[in-house]
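The data block below is my_file.pdb; it holds PDB, C-alpha atoms.
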MODEL        1
ATOM      1  CA  MET A  73       0.000   0.000   0.000
ATOM      2  CA  PRO A  74       1.342   3.473  -0.801
ATOM      3  CA  GLU A  75       2.458   5.127   2.434
ATOM      4  CA  LEU A  76       3.087   8.751   3.365
ATOM      5  CA  PRO A  77       6.252   9.195   1.250
ATOM      6  CA  GLU A  78       4.537   7.856  -1.866
ATOM      7  CA  VAL A  79       1.546  10.162  -1.350
ATOM      8  CA  GLU A  80       3.827  13.134  -0.676
ATOM      9  CA  VAL A  81       5.804  12.348  -3.826
ATOM     10  CA  THR A  82       2.475  12.299  -5.681
ATOM     11  CA  ARG A  83       1.421  15.624  -4.132
ATOM     12  CA  ARG A  84       4.646  17.291  -5.159
ATOM     13  CA  GLY A  85       4.371  15.819  -8.627
ATOM     14  CA  VAL A  86       0.818  16.965  -9.379
ATOM     15  CA  THR A  87       1.018  20.414  -7.777
ATOM     16  CA  PRO A  88       2.778  22.254 -10.654
ATOM     17  CA  HIS A  89       0.213  20.862 -13.105
ATOM     18  CA  LEU A  90      -2.951  21.450 -11.067
ATOM     19  CA  GLN A  91      -2.507  24.419  -8.756
ATOM     20  CA  ALA A  92      -4.406  27.527  -9.938
ATOM     21  CA  GLN A  93      -5.879  25.555 -12.854
ATOM     22  CA  THR A  94      -9.571  25.405 -13.753
ATOM     23  CA  VAL A  95     -11.328  22.050 -13.995
ATOM     24  CA  THR A  96     -12.849  21.794 -17.458
ATOM     25  CA  GLU A  97     -14.259  18.264 -17.260
ATOM     26  CA  VAL A  98     -14.649  15.331 -14.868
ATOM     27  CA  VAL A  99     -14.915  11.787 -16.242
ATOM     28  CA  LEU A 100     -16.095   8.946 -13.981
ATOM     29  CA  ARG A 101     -15.984   5.446 -15.479
ATOM     30  CA  ARG A 102     -17.504   3.748 -12.437
ATOM     31  CA  SER A 103     -20.041   4.646  -9.795
ATOM     32  CA  GLY A 104     -17.382   4.461  -7.101
ATOM     33  CA  LEU A 105     -14.365   2.675  -5.695
ATOM     34  CA  ARG A 106     -14.182   1.721  -2.025
ATOM     35  CA  TRP A 107     -17.115   4.094  -1.504
ATOM     36  CA  PRO A 108     -19.511   5.595  -4.071
ATOM     37  CA  PHE A 109     -18.409   8.781  -5.806
ATOM     38  CA  PRO A 110     -20.351  11.908  -4.849
ATOM     39  CA  PRO A 111     -23.365  11.773  -7.198
ATOM     40  CA  ASN A 112     -22.874  15.346  -8.433
ATOM     41  CA  LEU A 113     -19.061  15.361  -8.533
ATOM     42  CA  ALA A 114     -18.775  16.611 -12.116
ATOM     43  CA  ASP A 115     -21.125  19.525 -11.398
ATOM     44  CA  LEU A 116     -19.242  20.324  -8.184
ATOM     45  CA  LEU A 117     -15.847  20.590  -9.875
ATOM     46  CA  GLN A 118     -16.428  21.741 -13.437
ATOM     47  CA  GLY A 119     -15.456  25.400 -13.865
ATOM     48  CA  GLN A 120     -13.849  25.559 -10.411
ATOM     49  CA  ILE A 121     -10.247  26.557  -9.683
ATOM     50  CA  ILE A 122      -7.919  24.223  -7.793
ATOM     51  CA  LEU A 123      -6.496  26.582  -5.177
ATOM     52  CA  SER A 124      -3.886  24.259  -3.672
ATOM     53  CA  ILE A 125      -2.962  20.621  -3.192
ATOM     54  CA  GLY A 126      -2.367  19.340   0.323
ATOM     55  CA  ARG A 127      -1.914  16.057   2.117
ATOM     56  CA  ARG A 128      -3.202  14.682   5.422
ATOM     57  CA  GLY A 129      -1.635  11.344   6.278
ATOM     58  CA  LYS A 130      -2.186   9.203   3.168
ATOM     59  CA  TYR A 131      -4.990  11.405   1.803
ATOM     60  CA  LEU A 132      -4.325  13.815  -1.055
ATOM     61  CA  LEU A 133      -6.412  16.987  -0.742
ATOM     62  CA  LEU A 134      -7.436  19.176  -3.686
ATOM     63  CA  HIS A 135      -8.673  22.441  -2.199
ATOM     64  CA  PHE A 136     -11.359  24.520  -3.920
ATOM     65  CA  ALA A 137     -13.113  27.655  -2.689
ATOM     66  CA  HIS A 138     -16.282  25.678  -1.951
ATOM     67  CA  GLY A 139     -14.748  22.473  -0.560
ATOM     68  CA  THR A 140     -12.037  19.846  -0.746
ATOM     69  CA  LEU A 141     -11.679  16.711  -2.870
ATOM     70  CA  LEU A 142     -10.151  13.837  -0.874
ATOM     71  CA  ILE A 143      -8.243  11.174  -2.809
ATOM     72  CA  HIS A 144      -6.889   7.960  -1.296
ATOM     73  CA  LEU A 145      -4.797   5.614  -3.417
ATOM     74  CA  GLY A 146      -5.941   2.461  -1.630
ATOM     75  CA  MET A 147      -3.747  -0.618  -2.037
ATOM     76  CA  SER A 148      -2.764  -0.343  -5.679
ATOM     77  CA  GLY A 149      -3.790   3.074  -6.945
ATOM     78  CA  HIS A 150      -1.720   5.806  -8.495
ATOM     79  CA  LEU A 151      -2.251   9.161 -10.158
ATOM     80  CA  ARG A 152      -0.759  10.291 -13.464
ATOM     81  CA  ILE A 153      -0.611  13.621 -15.264
ATOM     82  CA  LEU A 154      -1.321  12.974 -18.950
ATOM     83  CA  PRO A 155      -2.334  14.868 -22.110
ATOM     84  CA  SER A 156      -6.091  15.410 -22.015
ATOM     85  CA  LEU A 157      -6.785  13.231 -25.085
ATOM     86  CA  THR A 158      -4.908  10.168 -23.753
ATOM     87  CA  PRO A 159      -7.158   7.084 -24.212
ATOM     88  CA  ALA A 160      -8.195   5.345 -21.002
ATOM     89  CA  ASN A 161      -7.015   1.826 -20.234
ATOM     90  CA  LYS A 162      -8.508  -0.816 -17.991
ATOM     91  CA  HIS A 163      -8.677   0.323 -14.348
ATOM     92  CA  ASP A 164      -8.474   4.026 -15.302
ATOM     93  CA  HIS A 165     -11.495   5.102 -13.290
ATOM     94  CA  VAL A 166     -11.355   8.884 -12.859
ATOM     95  CA  ASP A 167     -10.128  11.807 -14.982
ATOM     96  CA  ILE A 168     -10.025  15.397 -13.790
ATOM     97  CA  VAL A 169      -9.320  17.485 -16.885
ATOM     98  CA  VAL A 170      -7.587  20.865 -16.628
ATOM     99  CA  GLY A 171      -7.266  22.256 -20.118
ATOM    100  CA  ALA A 172      -4.694  20.326 -22.145
ATOM    101  CA  GLN A 173      -3.843  17.980 -19.261
ATOM    102  CA  LEU A 174      -5.677  15.600 -16.991
ATOM    103  CA  LEU A 175      -5.181  13.944 -13.640
ATOM    104  CA  ARG A 176      -5.985  10.237 -14.062
ATOM    105  CA  MET A 177      -6.617   7.771 -11.238
ATOM    106  CA  HIS A 178      -5.684   4.159 -11.948
ATOM    107  CA  ASP A 179      -6.773   1.630  -9.317
ATOM    108  CA  PRO A 180      -6.849  -2.104 -10.226
ATOM    109  CA  ARG A 181      -8.088  -3.311  -6.843
ATOM    110  CA  ARG A 182     -10.567  -0.458  -6.390
ATOM    111  CA  PHE A 183      -9.729   0.130  -2.719
ATOM    112  CA  GLY A 184      -9.037   3.796  -3.354
ATOM    113  CA  ALA A 185     -11.451   6.641  -2.719
ATOM    114  CA  VAL A 186     -12.554   9.945  -4.212
ATOM    115  CA  LEU A 187     -14.713  11.894  -1.763
ATOM    116  CA  TRP A 188     -15.973  15.440  -1.266
ATOM    117  CA  HIS A 189     -16.028  17.659   1.819
ATOM    118  CA  ALA A 190     -18.023  20.870   1.386
ATOM    119  CA  ALA A 191     -16.670  24.078   2.900
ATOM    120  CA  ILE A 192     -20.023  24.717   4.571
ATOM    121  CA  ASP A 193     -19.434  21.549   6.627
ATOM    122  CA  GLY A 194     -16.365  23.079   8.284
ATOM    123  CA  ASP A 195     -12.632  22.561   7.988
ATOM    124  CA  VAL A 196     -11.647  19.440   6.057
ATOM    125  CA  ASP A 197      -9.836  18.151   9.160
ATOM    126  CA  THR A 198     -13.309  17.519  10.634
ATOM    127  CA  HIS A 199     -14.100  14.983   7.898
ATOM    128  CA  PRO A 200     -14.839  11.568   9.487
ATOM    129  CA  LEU A 201     -11.803   9.977   7.807
ATOM    130  CA  LEU A 202      -9.421  12.719   8.985
ATOM    131  CA  ARG A 203     -10.562  13.902  12.382
ATOM    132  CA  GLY A 204      -9.068  10.979  14.322
ATOM    133  CA  LEU A 205      -5.632  11.219  12.735
ATOM    134  CA  GLY A 206      -2.566  12.085  14.769
ATOM    135  CA  VAL A 207      -0.015  14.787  14.082
ATOM    136  CA  GLU A 208       2.007  14.883  10.874
ATOM    137  CA  PRO A 209       5.454  13.319  11.422
ATOM    138  CA  LEU A 210       7.308  15.923   9.346
ATOM    139  CA  GLU A 211       5.800  18.916  11.117
ATOM    140  CA  GLY A 212       6.886  20.660  14.311
ATOM    141  CA  GLN A 213       4.070  19.278  16.461
ATOM    142  CA  PHE A 214       5.652  15.825  16.295
ATOM    143  CA  ASN A 215       8.296  15.537  18.976
ATOM    144  CA  ALA A 216       9.624  13.182  21.644
ATOM    145  CA  GLN A 217       7.577  14.769  24.424
ATOM    146  CA  LEU A 218       4.361  14.094  22.498
ATOM    147  CA  LEU A 219       5.234  10.454  21.845
ATOM    148  CA  TYR A 220       6.371   9.902  25.433
ATOM    149  CA  ARG A 221       3.328  11.582  26.985
ATOM    150  CA  GLN A 222       0.738   9.847  24.832
ATOM    151  CA  SER A 223       2.336   6.411  25.177
ATOM    152  CA  ARG A 224       2.329   6.195  28.974
ATOM    153  CA  GLN A 225      -0.857   4.117  28.998
ATOM    154  CA  ARG A 226      -0.061   2.186  25.835
ATOM    155  CA  HIS A 227       0.924  -1.374  26.703
ATOM    156  CA  ALA A 228       0.931  -2.467  23.065
ATOM    157  CA  ALA A 229       4.160  -2.957  21.132
ATOM    158  CA  ILE A 230       5.676   0.267  19.839
ATOM    159  CA  LYS A 231       5.380  -0.910  16.226
ATOM    160  CA  GLN A 232       1.615  -1.299  16.660
ATOM    161  CA  VAL A 233       1.312   2.086  18.356
ATOM    162  CA  LEU A 234       3.059   3.766  15.435
ATOM    163  CA  LEU A 235       0.801   2.031  12.906
ATOM    164  CA  ALA A 236      -2.382   2.978  14.806
ATOM    165  CA  GLY A 237      -2.101   6.525  13.470
ATOM    166  CA  ASP A 238      -3.828   8.315  16.336
ATOM    167  CA  ILE A 239      -0.621   9.741  17.847
ATOM    168  CA  VAL A 240       1.355  10.237  14.660
ATOM    169  CA  VAL A 241      -0.121   9.657  11.208
ATOM    170  CA  GLY A 242       1.397   8.117   8.118
ATOM    171  CA  VAL A 243       4.213   6.017   9.597
ATOM    172  CA  GLY A 244       3.199   2.847   7.781
ATOM    173  CA  ASN A 245       4.606  -0.642   7.960
ATOM    174  CA  ILE A 246       7.719  -0.192   5.845
ATOM    175  CA  TYR A 247       8.846   3.069   7.384
ATOM    176  CA  ALA A 248       8.006   2.016  10.946
ATOM    177  CA  SER A 249      10.289  -1.014  10.574
ATOM    178  CA  GLU A 250      13.072   1.085   9.099
ATOM    179  CA  SER A 251      12.705   3.852  11.698
ATOM    180  CA  LEU A 252      12.741   1.457  14.638
ATOM    181  CA  PHE A 253      15.927  -0.082  13.274
ATOM    182  CA  LYS A 254      17.544   3.325  12.863
ATOM    183  CA  ALA A 255      16.595   4.181  16.479
ATOM    184  CA  ARG A 256      17.794   0.738  17.679
ATOM    185  CA  ILE A 257      14.404  -0.075  19.246
ATOM    186  CA  ASN A 258      12.941  -3.585  19.158
ATOM    187  CA  PRO A 259       9.483  -3.479  17.497
ATOM    188  CA  LYS A 260       8.097  -5.796  20.206
ATOM    189  CA  ILE A 261       8.877  -3.563  23.199
ATOM    190  CA  ALA A 262       5.822  -2.031  24.902
ATOM    191  CA  ALA A 263       5.352   1.657  24.098
ATOM    192  CA  ASP A 264       5.026   2.600  27.771
ATOM    193  CA  ARG A 265       8.444   1.090  28.551
ATOM    194  CA  ILE A 266      10.353   3.384  26.215
ATOM    195  CA  SER A 267      12.146   6.345  27.787
ATOM    196  CA  LEU A 268      11.964   9.959  26.679
ATOM    197  CA  ALA A 269      15.586   9.763  25.519
ATOM    198  CA  ARG A 270      14.843   6.780  23.283
ATOM    199  CA  TYR A 271      11.736   8.506  21.933
ATOM    200  CA  SER A 272      13.969  11.416  20.938
ATOM    201  CA  LEU A 273      16.011   8.993  18.864
ATOM    202  CA  LEU A 274      12.839   7.487  17.371
ATOM    203  CA  VAL A 275      11.376  10.853  16.352
ATOM    204  CA  GLU A 276      14.623  11.760  14.624
ATOM    205  CA  ALA A 277      14.738   8.337  12.945
ATOM    206  CA  ILE A 278      11.139   8.621  11.684
ATOM    207  CA  GLN A 279      11.722  12.076  10.240
ATOM    208  CA  ASP A 280      15.037  11.117   8.639
ATOM    209  CA  THR A 281      13.598   7.913   7.175
ATOM    210  CA  LEU A 282      10.513   9.584   5.702
ATOM    211  CA  ALA A 283      12.535  12.486   4.307
ATOM    212  CA  ALA A 284      14.991  10.092   2.658
ATOM    213  CA  ALA A 285      12.140   8.053   1.162
ATOM    214  CA  ILE A 286      10.516  11.180  -0.284
ATOM    215  CA  GLU A 287      13.846  12.297  -1.731
ATOM    216  CA  LYS A 288      14.205   8.911  -3.467
ATOM    217  CA  GLY A 289      10.690   8.969  -4.895
ATOM    218  CA  GLY A 290       9.227   6.560  -2.334
ATOM    219  CA  SER A 291       9.397   2.784  -2.567
ATOM    220  CA  THR A 292       8.378   0.623  -5.496
ATOM    221  CA  LEU A 293       5.301  -1.051  -4.002
ATOM    222  CA  ARG A 294       3.887  -3.367  -6.658
ATOM    223  CA  ASP A 295       1.862  -0.993  -8.815
ATOM    224  CA  PHE A 296       3.010   2.325  -7.351
ATOM    225  CA  VAL A 297       4.512   4.835  -9.771
ATOM    226  CA  GLY A 298       4.863   8.577  -9.535
ATOM    227  CA  VAL A 299       2.831  10.981 -11.619
ATOM    228  CA  ASP A 300       5.544  10.896 -14.288
ATOM    229  CA  GLY A 301       5.432   7.099 -14.502
ATOM    230  CA  GLN A 302       8.731   6.627 -12.666
ATOM    231  CA  THR A 303       9.073   4.251  -9.717
ATOM    232  CA  GLY A 304      10.752   5.139  -6.440
ATOM    233  CA  TYR A 305      13.966   3.482  -5.332
ATOM    234  CA  PHE A 306      14.065   3.834  -1.534
ATOM    235  CA  GLN A 307      13.672   0.044  -1.258
ATOM    236  CA  GLN A 308      17.289  -0.238  -2.394
ATOM    237  CA  SER A 309      18.247   1.338   0.941
ATOM    238  CA  TYR A 310      16.174  -0.880   3.258
ATOM    239  CA  PHE A 311      18.047  -1.995   6.357
ATOM    240  CA  VAL A 312      15.491  -4.524   7.592
ATOM    241  CA  TYR A 313      12.171  -4.399   5.732
ATOM    242  CA  ASP A 314      11.632  -7.432   3.479
ATOM    243  CA  ARG A 315      15.164  -8.687   4.276
ATOM    244  CA  SER A 316      14.251 -11.716   6.390
ATOM    245  CA  GLY A 317      17.122 -14.207   6.490
ATOM    246  CA  GLU A 318      19.645 -11.725   5.132
ATOM    247  CA  PRO A 319      22.547 -10.345   7.205
ATOM    248  CA  CYS A 320      22.117  -7.052   9.046
ATOM    249  CA  ARG A 321      23.926  -4.303   7.178
ATOM    250  CA  ILE A 322      25.411  -3.098  10.482
ATOM    251  CA  CYS A 323      26.366  -6.198  12.477
ATOM    252  CA  GLY A 324      25.806  -9.192  10.190
ATOM    253  CA  THR A 325      23.167 -10.845  12.396
ATOM    254  CA  THR A 326      20.370 -12.532  10.437
ATOM    255  CA  ILE A 327      17.308 -10.301  10.039
ATOM    256  CA  ARG A 328      14.187 -11.827  11.592
ATOM    257  CA  GLN A 329      10.565 -11.580  10.480
ATOM    258  CA  ILE A 330       7.588 -11.775  12.849
ATOM    259  CA  LYS A 331       3.866 -11.053  12.632
ATOM    260  CA  GLN A 332       2.416  -8.140  14.583
ATOM    261  CA  GLY A 333      -1.276  -7.466  14.105
ATOM    262  CA  GLN A 334      -1.336  -9.381  10.804
ATOM    263  CA  ARG A 335       1.551  -7.268   9.467
ATOM    264  CA  SER A 336       5.132  -8.406   9.003
ATOM    265  CA  SER A 337       7.830  -6.788  11.123
ATOM    266  CA  PHE A 338      11.526  -7.095  10.335
ATOM    267  CA  TYR A 339      14.300  -6.429  12.844
ATOM    268  CA  CYS A 340      17.805  -7.260  14.022
ATOM    269  CA  VAL A 341      17.884  -8.945  17.435
ATOM    270  CA  ASN A 342      21.410  -7.671  18.034
ATOM    271  CA  CYS A 343      21.011  -4.029  17.036
ATOM    272  CA  GLN A 344      17.470  -3.499  18.359
ATOM    273  CA  LYS A 345      16.853  -3.913  22.070
TER     274      LYS A 345
ENDMDL
END
Serialized structure, structure tokens:
Amino acid sequence: MPELPEVEVTRRGVTPHLQAQTVTEVVLRRSGLRWPFPPNLADLLQGQIILSIGRRGKYLLLHFAHGTLLIHLGMSGHLRILPSLTPANKHDHVDIVVGAQLLRMHDPRRFGAVLWHAAIDGDVDTHPLLRGLGVEPLEGQFNAQLLYRQSRQRHAAIKQVLLAGDIVVGVGNIYASESLFKARINPKIAADRISLARYSLLVEAIQDTLAAAIEKGGSTLRDFVGVDGQTGYFQQSYFVYDRSGEPCRICGTTIRQIKQGQRSSFYCVNCQK
């Protein structure tokens, strides 16, 4: 599933093509994906100016004067900027046309989403899918004191607490594994047993790991490609993720794989305590 770096790479890729542009047409080739499309979506967007493109967790946000379009890539979705007359292929479900270009959503598994939040309903952060999300990991609100304070009653493993998304949002499975390795923290340790000093190391590791992934275009996750059709290459730098049975790049100990909450975790028993 595309995680925060992949969505941020997408946001940065589409922004120069969409910001301050007027929507001239909306093409929907299905009635919906994970959830139904807003029934009047074409009427809502046609003739409207895209003011800015934001991101909240793994949601891409297209801001208009009268509301915000929320886009989630699901498990296999991606967005492309293409010439407006480009023929659609199988699984090309949504086009948002802006003059000579279009934003096309391709989603083979159809777990993505395209939803609308009207301005009259309040700030988009109050949308049901956004209001329970934690702070953004690359913004100033995310710090060691926050993680330490909000984890004091969390007896679950730190990996699971990171993935929950209610303290910090967008640290998905890949980048949680990599960040915990960088901070030398075992993914199985209970969140309430981690000291403030170790949380300082973890915050720094999360921010460094996400920033590096964004810089490298994200990870190649099955069908994920950027808006220009290029795949990311951060996976070439993985220390532990998807390296079960291989030697640790630091100490040579064999990387282990375990299941935590139906998700695979990868770690080095020697480096991570």
Sorted by chain and rising residue number, list the residues of region 212-322 of chain A at most 12 Å from region 326-339 of chain A (counting all atoms listed in the file), each with its closest atom pair and distance in Å to one decimal, as a tab-separated table.
residue	atom	partner	partner_atom	distance
A:Ala228	CA	A:Gln332	CA	10.3
A:Ala229	CA	A:Gln332	CA	8.5
A:Ile230	CA	A:Gln332	CA	10.4
A:Lys231	CA	A:Gln332	CA	8.0
A:Gln232	CA	A:Gln332	CA	7.2
A:Val233	CA	A:Gly333	CA	10.8
A:Leu234	CA	A:Gln332	CA	12.0
A:Leu235	CA	A:Gly333	CA	9.8
A:Ala236	CA	A:Gly333	CA	10.5
A:Gly244	CA	A:Arg335	CA	10.4
A:Asn245	CA	A:Arg335	CA	7.5
A:Ile246	CA	A:Ser337	CA	8.4
A:Tyr247	CA	A:Ser337	CA	10.6
A:Ala248	CA	A:Ser337	CA	8.8
A:Ser249	CA	A:Phe338	CA	6.2
A:Glu250	CA	A:Phe338	CA	8.4
A:Ser251	CA	A:Tyr339	CA	10.5
A:Leu252	CA	A:Tyr339	CA	8.2
A:Phe253	CA	A:Tyr339	CA	6.6
A:Lys254	CA	A:Tyr339	CA	10.3
A:Ala255	CA	A:Tyr339	CA	11.4
A:Arg256	CA	A:Tyr339	CA	9.3
A:Ile257	CA	A:Tyr339	CA	9.0
A:Asn258	CA	A:Tyr339	CA	7.1
A:Pro259	CA	A:Tyr339	CA	7.3
A:Lys260	CA	A:Gln332	CA	8.3
A:Ile261	CA	A:Gln332	CA	11.7
A:Tyr310	CA	A:Phe338	CA	10.5
A:Phe311	CA	A:Tyr339	CA	8.7
A:Val312	CA	A:Phe338	CA	5.5
A:Tyr313	CA	A:Phe338	CA	5.4
A:Asp314	CA	A:Phe338	CA	6.9
A:Arg315	CA	A:Ile327	CA	6.4
A:Ser316	CA	A:Ile327	CA	5.0
A:Gly317	CA	A:Ile327	CA	5.3
A:Glu318	CA	A:Thr326	CA	5.4
A:Pro319	CA	A:Thr326	CA	4.5
A:Cys320	CA	A:Ile327	CA	5.9
A:Arg321	CA	A:Ile327	CA	9.4
A:Ile322	CA	A:Thr326	CA	10.7
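What the PyMOL selection byres ((chain A and resi 278-283) around 8) matches in the given file is Leu76, Pro77, Pro209, Leu210, Val243, Tyr247, Ala248, Glu250, Ser251, Leu252, Leu274, Val275, Glu276, Ala277, Ala284, Ala285, Ile286 and Glu287 of chain A.
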Resulting file, chosen residues, C-alpha atoms, as an mmCIF file, in the coordinates of the input:
data_model
loop_
_atom_site.group_PDB
_atom_site.id
_atom_site.type_symbol
_atom_site.label_atom_id
_atom_site.label_comp_id
_atom_site.auth_asym_id
_atom_site.auth_seq_id
_atom_site.Cartn_x
_atom_site.Cartn_y
_atom_site.Cartn_z
ATOM 1 C CA LEU A 76 3.087 8.751 3.365
ATOM 2 C CA PRO A 77 6.252 9.195 1.250
ATOM 3 C CA PRO A 209 5.454 13.319 11.422
ATOM 4 C CA LEU A 210 7.308 15.923 9.346
ATOM 5 C CA VAL A 243 4.213 6.017 9.597
ATOM 6 C CA TYR A 247 8.846 3.069 7.384
ATOM 7 C CA ALA A 248 8.006 2.016 10.946
ATOM 8 C CA GLU A 250 13.072 1.085 9.099
ATOM 9 C CA SER A 251 12.705 3.852 11.698
ATOM 10 C CA LEU A 252 12.741 1.457 14.638
ATOM 11 C CA LEU A 274 12.839 7.487 17.371
ATOM 12 C CA VAL A 275 11.376 10.853 16.352
ATOM 13 C CA GLU A 276 14.623 11.760 14.624
ATOM 14 C CA ALA A 277 14.738 8.337 12.945
ATOM 15 C CA ALA A 284 14.991 10.092 2.658
ATOM 16 C CA ALA A 285 12.140 8.053 1.162
ATOM 17 C CA ILE A 286 10.516 11.180 -0.284
ATOM 18 C CA GLU A 287 13.846 12.297 -1.731
#
Glu75 (chain A) environment, 12 Å, all atoms listed in the file, sequence neighbours closer than 4 positions dropped, as a count of residues only: 35
Polymer residues at most 9 Å from Asp264 (chain A), only C-alpha atoms, same-chain spacing of 5 or more positions, as a list in words: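 Selected residues are Tyr220, Gln222, Ser223, Arg224, Gln225, Arg226, His227, Ala228, Ala229 and Ile230 of chain A.
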Ground truth for the PyMOL selection byres ((chain A and resi 165) around 8), written as a PyMOL selection string: chain A and resi 100-102+163-164+166-167+176-179
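On the file presented, the PyMOL selection byres ((chain A and resi 206) around 6) picks out A:Leu205, A:Val207, A:Gly237, A:Asp238, A:Ile239, A:Val240, A:Val241.
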